[in-house]
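A.B. asks: The structure is given below, and queries will be raised subsequently.
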Amino acid sequence: MSTGTIKKVAGPLVVAEGMRDANMSDVVHVGDRQLIGEIIEIHGGEASIQVYEETAGLAPGAPVVSTGMPMSVELGPGLIGSIYDGIQRPLDDIMQATGSNLLQRGVQVPSLKRNSVWHFVPAVEAGASVSGGDVLGTVQETKIVSHKILVPPQISGVVREIAEGDYKVTDIVAKLETANGSVEELTLMQKWPVRKGRPYKEKLSPRMPLVTGQRVIDTLFPIAKGGVAAVPGPFGSGKTVVQHQLAKWADADIVVYIGCGERGNEMTDVLNEFPELKDPKTGESLMERTVLIANTSDMPVAAREASIYTGITIAEYFRDMGYSVALMADSTSRWAEALREMSGRLEEMPGEEGYPAYLGSRLAQFYERAGRVCTLGSGEAEGALSVIGAVSPAGGDLSEPVTQATLRIVKVFWSLDAQLAYERHFPAINWLSSYSLYLESIGDWFDANVEKDWMKKRTQLMVILSEESELKEMVQLVGEDALSAPDRLKMETARSIREDYLHQNAFHEIDTFTSLPKQYRMMDLILDFHDACGKALEKGAEVTKLVALPVREQIGRYKYVEETKLEEEYGRIKAEINAEVDTVISEKEEF
């Protein structure tokens, strides 16, 4: 343990001397209040420390004590449903300890509740050989989540003692004899350094989509399970609501939501909404499978830098159990701003727009921890960690460094458009500038598991939307009346796609989530109407009568049909399309 004294204080950066025995990334306690900090630079006996709490009142000469351990998180039963700050301090326990709803300095509260008792059921017997990643037993953490107690990655040996019973997280549940004869005592809890990715056997290629229930995402720009996506957009374009929708509805077993430097009222919305939301798969509260990390914009800036590492380490832990995990980081721009502030205080040479030169590599280290993997252990379990990061470029400028560095790493780009948001089109994801590089690898899954022509219909939608953008330029020059009948039909079909399909109301009880079978039927109805009208035009029908048919309203309202009535309503509307179009054709022939 190394002890030194403060030499200089500059905001969250503290320089301490006499720290020659300390190591890079060690956690330290600063001052008489024992504020938590982390060593980020060492020069001889001087250590630069980023302090994760407010440093007002610190003065040169105050003590600094190194713990000799890197910044780590506690992993075990009790994570689910918890609300932590950026360095995994439980906010509810801090409030109880201090009697205040404001974060107090120097409060020492364990991350996992020490007085909670969990019922442990062994999965192996005494005498069994186990290695890192093997499941020792399970704890039913919530009604939804069975928490698997794993052998820590670096340990292997023979189980000498293990017993079912009720334990606290610090109680010994098993004893392992290692190859060198020493005995390892294992508890329900383990620790892991946040800046080091948890190991796995093998990273697998993405083959399955992460179904979100958001039509513009699932149909046009899907993300794979284990994939990475970025949601950049200007202020007010709906980034946070998109993140909330994905957290609520994405097809993931566990959700880790990181509010990194976001406004306090937005995090309040999350904290109020999530416990009341019902999980569509189980009917239980969404908090029964969610971990929240709240590091709002008024909290210390250094803790913001640590928050995304805390979140992704917790997410990797559940991935190692074989679960599909979705991590939402909102927003990585605030994290990058914290990085820039610390870099400036360290007097490092600034890169573009003042961000440190290592911004790109730090972002890559974070996003590369996502993936679909073969987990450690003797079984063939697979786990997936999907990461969706919101980016908040100043003034909506997508050419700024954080957005550009993110786009070089991620494979899905959901471009939020201020103009669409202004027109009240939500989600405001621009269908012309967004993209997904997973389409080739997961397109076959849609064709095999939903409908065999899913990708064909998706391509038809994209073609009509791209042709509409070209026709819009022509309309601005010569007016809509100058368009040919087929082109006018394309414009009307594109309007149906935009208003009836891509527009989705996050606050409507039915429209907020759309299953893949329903998405396919919605696509099919719009394209069926387009094809039927196209054939009618060839027979001389008038385009003005076709686009004014009452069935268009029924197609538009199909998104509000309940899942139990899909097939019946779908068949009725299909028959109505044919009947109404045939009526227009017969009127033309009679005339």
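Chain labels follow the order of the structure tokens: the first chain is A, the next B, and so on; residue numbering restarts at 1 in every chain, and ligands are counted from 1 in their shown order.
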Any idea what's packed within 12 Å of Asp92 in chain A, counting only C-alpha atoms, ignoring anything in its chain fewer than 2 positions away? Could you give it as a list in words?

C.D. replies: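 Once the nearby chain positions are removed, what remains is Gly81, Ser82, Ile83, Tyr84, Asp85, Gln88, Arg89, Pro90, Ile94, Met95, Gln96, Ala97, Thr98, Gly99, Ser100, Asn101, Leu102, Leu103, Val109, Pro110, Ser111, Leu112, Lys113, Leu271, Leu292 and Ala294 of chain A.
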
A.B. asks: Can you list, as a ChimeraX atom specification, every protein, DNA or RNA residue that comes within 8 Å of Val231 in chain A when you count only C-alpha atoms, leaving out same-chain residues fewer than 4 positions away?

C.D. replies: /A:239,388-391,413-416

A.B. asks: So which residues touch range 248-255 of chain A within 6 Å, counting only C-alpha atoms, skipping near sequence neighbours fewer than 3 positions away, as a list in words?

C.D. replies: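 The contact residues come out as Leu210, Val211, Thr212, Gln245, Arg289, Thr290, Tyr323, Ser324, Val325, Ala326 and Leu327 of chain A.
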
A.B. asks: For the residues in that selection, give me N, CA and C atoms as a PDB file, in the first residue's frame.

C.D. replies:
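This went into selection21.pdb:
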ATOM      1  N   LEU A 210     -31.228  -8.677 -33.612  1.00  0.00           N
ATOM      2  CA  LEU A 210     -31.773  -8.273 -32.315  1.00  0.00           C
ATOM      3  C   LEU A 210     -33.100  -7.593 -32.624  1.00  0.00           C
ATOM      4  N   VAL A 211     -34.200  -8.318 -32.441  1.00  0.00           N
ATOM      5  CA  VAL A 211     -35.525  -7.795 -32.804  1.00  0.00           C
ATOM      6  C   VAL A 211     -35.923  -6.724 -31.801  1.00  0.00           C
ATOM      7  N   THR A 212     -36.303  -5.543 -32.312  1.00  0.00           N
ATOM      8  CA  THR A 212     -36.587  -4.403 -31.441  1.00  0.00           C
ATOM      9  C   THR A 212     -38.062  -4.007 -31.443  1.00  0.00           C
ATOM     10  N   GLN A 245     -36.954   3.017 -26.160  1.00  0.00           N
ATOM     11  CA  GLN A 245     -37.729   2.009 -26.885  1.00  0.00           C
ATOM     12  C   GLN A 245     -36.942   0.713 -27.036  1.00  0.00           C
ATOM     13  N   ARG A 289     -35.243  -7.320 -15.109  1.00  0.00           N
ATOM     14  CA  ARG A 289     -34.111  -7.776 -15.931  1.00  0.00           C
ATOM     15  C   ARG A 289     -33.230  -6.599 -16.379  1.00  0.00           C
ATOM     16  N   THR A 290     -33.233  -5.519 -15.594  1.00  0.00           N
ATOM     17  CA  THR A 290     -32.530  -4.293 -15.990  1.00  0.00           C
ATOM     18  C   THR A 290     -31.560  -3.838 -14.902  1.00  0.00           C
ATOM     19  N   TYR A 323     -26.460 -15.365 -21.506  1.00  0.00           N
ATOM     20  CA  TYR A 323     -27.614 -14.525 -21.808  1.00  0.00           C
ATOM     21  C   TYR A 323     -27.340 -13.615 -22.996  1.00  0.00           C
ATOM     22  N   SER A 324     -28.430 -13.149 -23.617  1.00  0.00           N
ATOM     23  CA  SER A 324     -28.336 -12.091 -24.620  1.00  0.00           C
ATOM     24  C   SER A 324     -28.533 -10.767 -23.887  1.00  0.00           C
ATOM     25  N   VAL A 325     -27.542  -9.889 -23.984  1.00  0.00           N
ATOM     26  CA  VAL A 325     -27.547  -8.633 -23.229  1.00  0.00           C
ATOM     27  C   VAL A 325     -27.561  -7.461 -24.208  1.00  0.00           C
ATOM     28  N   ALA A 326     -28.380  -6.470 -23.917  1.00  0.00           N
ATOM     29  CA  ALA A 326     -28.388  -5.232 -24.707  1.00  0.00           C
ATOM     30  C   ALA A 326     -27.928  -4.091 -23.812  1.00  0.00           C
ATOM     31  N   LEU A 327     -26.900  -3.370 -24.261  1.00  0.00           N
ATOM     32  CA  LEU A 327     -26.379  -2.243 -23.493  1.00  0.00           C
ATOM     33  C   LEU A 327     -26.683  -0.951 -24.241  1.00  0.00           C
TER      34      LEU A 327
END

A.B. asks: So which residues touch Lys545 in chain A within 9 Å, counting only C-alpha atoms, skipping near sequence neighbours fewer than 4 positions away, as a PyMOL selection string?

C.D. replies: chain A and resi 541+549+584

A.B. asks: If you keep C-alpha atoms, can you produce a file of those selected residues as a PDB file, in the first residue's frame?

C.D. replies:
ATOM      1  CA  ALA A 541     -57.597   3.416 -64.829  1.00  0.00           C
ATOM      2  CA  LEU A 549     -59.626   4.730 -52.584  1.00  0.00           C
ATOM      3  CA  VAL A 584     -62.155   1.538 -60.630  1.00  0.00           C
TER       4      VAL A 584
END

A.B. asks: For Leu150 in chain A, which residue out of A:Gln476, A:Ser205, A:Thr375, A:Ser116 is the nearest one, using only C-alpha atoms?

C.D. replies: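 The shortest atom-to-atom distance to Leu150 in chain A comes from A:Thr375.
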
A.B. asks: Using only C-alpha atoms, pick whichever of A:Ala22, A:Val159, A:Ala62, A:Leu339 has the shortest atom-to-atom distance to Thr5 in chain A.

C.D. replies: A:Ala62

A.B. asks: Mind running range 364-469 of chain A against range 126-140 of chain A at 12 Å and telling me each contacting residue's nearest atom pair with the distance in Å (one decimal), counting only C-alpha atoms, chain and number ascending, as CSV?

C.D. replies:
residue,atom,partner,partner_atom,distance
A:Cys374,CA,A:Gly133,CA,10.7
A:Thr375,CA,A:Gly133,CA,7.1
A:Leu376,CA,A:Gly133,CA,4.6
A:Gly377,CA,A:Asp134,CA,4.3
A:Ser378,CA,A:Asp134,CA,6.3
A:Gly379,CA,A:Asp134,CA,7.7
A:Glu380,CA,A:Asp134,CA,10.6
A:Ala381,CA,A:Asp134,CA,10.1
A:Glu382,CA,A:Gly133,CA,11.9

A.B. asks: Produce a file of the selected residues containing C-alpha atoms, as a PDB file, in the first residue's frame.

C.D. replies:
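Final output, selection.pdb:
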ATOM      1  CA  CYS A 374     -18.703 -18.964 -27.016  1.00  0.00           C
ATOM      2  CA  THR A 375     -18.431 -18.537 -23.257  1.00  0.00           C
ATOM      3  CA  LEU A 376     -15.732 -20.040 -21.050  1.00  0.00           C
ATOM      4  CA  GLY A 377     -16.429 -23.302 -19.281  1.00  0.00           C
ATOM      5  CA  SER A 378     -16.906 -26.932 -20.267  1.00  0.00           C
ATOM      6  CA  GLY A 379     -20.311 -26.437 -21.949  1.00  0.00           C
ATOM      7  CA  GLU A 380     -21.059 -25.015 -25.386  1.00  0.00           C
ATOM      8  CA  ALA A 381     -22.990 -21.986 -24.143  1.00  0.00           C
ATOM      9  CA  GLU A 382     -23.306 -18.876 -26.270  1.00  0.00           C
TER      10      GLU A 382
END

A.B. asks: Neighbouring residues of range 40-42 of chain A were defined as those with any atom within 8 Å, considering only C-alpha atoms; residues of the same chain fewer than 5 positions away were excluded. Please report them as a ChimeraX atom specification.

C.D. replies: /A:23-25,47-50

A.B. asks: Using only N, CA and C atoms, please write the residues we just selected to a file, as a compact mmCIF listing (two decimals), in the first residue's frame.

C.D. replies:
# COMPACT_ATOMS: atom_id res chain seq x y z
N ASN A 23 0.81 1.86 -8.58
CA ASN A 23 0.77 1.38 -9.97
C ASN A 23 -0.26 2.15 -10.77
N MET A 24 -0.07 2.13 -12.08
CA MET A 24 -1.04 2.73 -12.99
C MET A 24 -2.41 2.06 -12.80
N SER A 25 -3.48 2.85 -12.81
CA SER A 25 -4.87 2.40 -12.67
C SER A 25 -5.25 1.95 -11.27
N ALA A 47 2.02 11.06 -9.02
CA ALA A 47 0.90 10.37 -9.68
C ALA A 47 -0.22 11.37 -9.94
N SER A 48 -0.75 11.34 -11.19
CA SER A 48 -1.93 12.14 -11.52
C SER A 48 -3.15 11.27 -11.28
N ILE A 49 -4.10 11.79 -10.53
CA ILE A 49 -5.27 11.00 -10.08
C ILE A 49 -6.54 11.69 -10.56
N GLN A 50 -7.43 10.94 -11.22
CA GLN A 50 -8.76 11.51 -11.48
C GLN A 50 -9.67 11.10 -10.34

A.B. asks: I want to know what sits within 10 Å of range 566-568 of chain A, based on only C-alpha atoms, with residues of the same chain fewer than 6 positions away left out; could you give that as a ChimeraX atom specification?

C.D. replies: /A:517-518,521-522,558-560
